[in-house]
Every structure is written in C-alpha cells, then in structure tokens.
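*Asks:* I'm passing along protein.pdb; it holds PDB, C-alpha atoms.
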ATOM      1  CA  MET A  24      -3.228 -10.935  -3.229
ATOM      2  CA  HIS A  25      -5.710  -8.096  -2.834
ATOM      3  CA  SER A  26      -7.216  -6.083  -5.612
ATOM      4  CA  SER A  27      -9.051  -2.782  -5.484
ATOM      5  CA  PRO A  28     -12.741  -2.603  -6.423
ATOM      6  CA  GLY A  29     -12.038  -1.664 -10.038
ATOM      7  CA  GLY A  30      -9.264  -4.208 -10.091
ATOM      8  CA  LEU A  31      -5.817  -3.007 -11.068
ATOM      9  CA  LYS A  32      -5.184  -6.380 -12.644
ATOM     10  CA  ALA A  33      -8.283  -5.980 -14.804
ATOM     11  CA  ARG A  34      -6.809  -2.806 -16.292
ATOM     12  CA  ALA A  35      -3.184  -3.890 -16.523
ATOM     13  CA  GLY A  36      -3.323  -4.856 -20.192
ATOM     14  CA  ASN A  37      -4.874  -1.673 -21.542
ATOM     15  CA  ASP A  38      -3.698   1.841 -22.351
ATOM     16  CA  ILE A  39      -4.245   3.115 -18.807
ATOM     17  CA  LEU A  40      -1.513   0.919 -17.313
ATOM     18  CA  PRO A  41       0.679  -0.409 -20.130
ATOM     19  CA  ALA A  42       3.479  -2.884 -19.414
ATOM     20  CA  MET A  43       6.227  -1.142 -17.431
ATOM     21  CA  SER A  44       9.602  -2.348 -16.302
ATOM     22  CA  THR A  45      11.206   0.473 -14.328
ATOM     23  CA  VAL A  46      10.247   2.450 -11.260
ATOM     24  CA  GLY A  47      10.524   5.628 -13.325
ATOM     25  CA  GLU A  48       7.990   4.317 -15.855
ATOM     26  CA  ILE A  49       5.634   3.296 -13.064
ATOM     27  CA  GLU A  50       5.974   6.678 -11.328
ATOM     28  CA  ALA A  51       5.294   8.497 -14.602
ATOM     29  CA  ALA A  52       2.224   6.363 -15.311
ATOM     30  CA  ILE A  53       0.826   6.899 -11.805
ATOM     31  CA  SER A  54       1.355  10.653 -12.073
ATOM     32  CA  ARG A  55      -0.885  10.653 -15.181
ATOM     33  CA  LEU A  56      -3.753   8.854 -13.418
ATOM     34  CA  PRO A  57      -6.780  10.710 -12.100
ATOM     35  CA  LEU A  58      -6.513  11.185  -8.330
ATOM     36  CA  LYS A  59      -9.167   8.551  -7.587
ATOM     37  CA  GLU A  60      -7.285   5.909  -9.569
ATOM     38  CA  ALA A  61      -3.945   6.913  -7.999
ATOM     39  CA  GLU A  62      -5.597   6.401  -4.593
ATOM     40  CA  GLU A  63      -6.649   2.914  -5.725
ATOM     41  CA  VAL A  64      -2.999   2.189  -6.548
ATOM     42  CA  ARG A  65      -1.953   3.416  -3.093
ATOM     43  CA  GLU A  66      -4.554   1.210  -1.405
ATOM     44  CA  TRP A  67      -3.476  -1.789  -3.465
ATOM     45  CA  LEU A  68       0.198  -1.184  -2.593
ATOM     46  CA  GLU A  69      -0.609  -0.856   1.107
ATOM     47  CA  GLN A  70      -2.456  -4.172   1.014
ATOM     48  CA  TRP A  71       0.323  -5.799  -1.027
ATOM     49  CA  PHE A  72       3.006  -4.670   1.447
ATOM     50  CA  GLU A  73       0.869  -5.890   4.343
ATOM     51  CA  ASP A  74       0.598  -9.291   2.653
ATOM     52  CA  GLN A  75       4.398  -9.437   2.345
ATOM     53  CA  LEU A  76       5.003  -9.027   6.082
ATOM     54  CA  GLU A  77       6.098 -12.095   7.936
ATOM     55  CA  MET A  78       5.464 -12.685  11.591
ATOM     56  CA  THR A  79       9.133 -12.440  12.505
ATOM     57  CA  PRO A  80      10.173 -11.937  16.133
ATOM     58  CA  GLU A  81      11.085  -8.321  15.278
ATOM     59  CA  PHE A  82       7.672  -7.662  13.732
ATOM     60  CA  ILE A  83       5.857  -9.221  16.699
ATOM     61  CA  ALA A  84       7.986  -7.097  19.068
ATOM     62  CA  SER A  85       7.058  -3.926  17.145
ATOM     63  CA  ILE A  86       3.364  -4.833  17.464
ATOM     64  CA  GLU A  87       3.789  -5.325  21.214
ATOM     65  CA  ARG A  88       5.612  -1.974  21.532
ATOM     66  CA  GLY A  89       2.715  -0.337  19.690
ATOM     67  CA  LYS A  90       0.183  -1.898  22.034
ATOM     68  CA  THR A  91       2.191  -0.705  25.041
ATOM     69  CA  ASP A  92       2.439   2.820  23.620
ATOM     70  CA  LEU A  93      -1.312   2.957  22.956
ATOM     71  CA  ALA A  94      -2.125   1.699  26.453
ATOM     72  CA  ALA A  95       0.160   4.368  27.915
ATOM     73  CA  GLY A  96      -1.426   7.115  25.836
ATOM     74  CA  ARG A  97       1.630   7.574  23.614
ATOM     75  CA  SER A  98       0.136   7.848  20.172
ATOM     76  CA  ARG A  99      -0.317  10.275  17.335
ATOM     77  CA  ILE A 100      -3.063  10.666  14.807
ATOM     78  CA  ALA A 101      -2.165  10.779  11.127
ATOM     79  CA  ARG A 102      -4.421  13.192   9.307
ATOM     80  CA  PRO A 103      -4.841  12.916   5.544
TER      81      PRO A 103
END
I'd like the structure from this file rewritten - as structure tokens, please.
*Replies:*
Amino acid sequence: MHSSPGGLKARAGNDILPAMSTVGEIEAAISRLPLKEAEEVREWLEQWFEDQLEMTPEFIASIERGKTDLAAGRSRIARP
C-alpha cells in the first residue's frame, strides 16, 4: 500500500485524523484539512484505488481501447 510523503498512516492516531467510522465523518474531517493535506489524501486514495484494480479481461480491454483511442487521436486533456 502506498503512503504520501508525510504519511497518512503516521498521522492517523493524532488529532488531525482521529478514528472515524462513517463516510460522513471522513468527509467532515477532510473538509477541515488544509488544502495541501487534502491533496495528499486525494493522492493516497488514487494510489489505493489503483492498487485495488485487478487485471480482469474487462480492465485489459479498457486499456486496449484507450491505446487505440490515443493512436487515433481521440483523447482529451484533463486540466486541474
């Protein structure tokens, strides 16, 4: 499992990120974080979700479709 540079796990036991059990509690806690720390949470979640992906036939097919689209010039750029 990935961790951000400051390490979300390293802070999990303190007052910044107290133990939480519901999505609502997690959302509320994240909304109170400084923007930089909220971005660290986002990066950690993105890496966590990526780690959860399995190389299923459907996932492999979606990768191949993406490659085909890029080769054909069908792409879009996401701007932050």
*Asks:* Interatomic distance between atom CA of A:Leu68 and atom CA of A:Ile49?
*Replies:*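 Going from atom CA of A:Leu68 over to atom CA of A:Ile49, I get 12.6 Å.
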*Asks:* Could you tell me how far atom CA of A:Ser85 sits from atom CA of A:Phe72, in Å to one decimal place?
*Replies:* 16.2 Å
*Asks:* Suppose you want the space between atom CA of A:Lys90 and atom CA of A:Gln70; what is it in Å?
*Replies:*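 The value is 21.3 Å.
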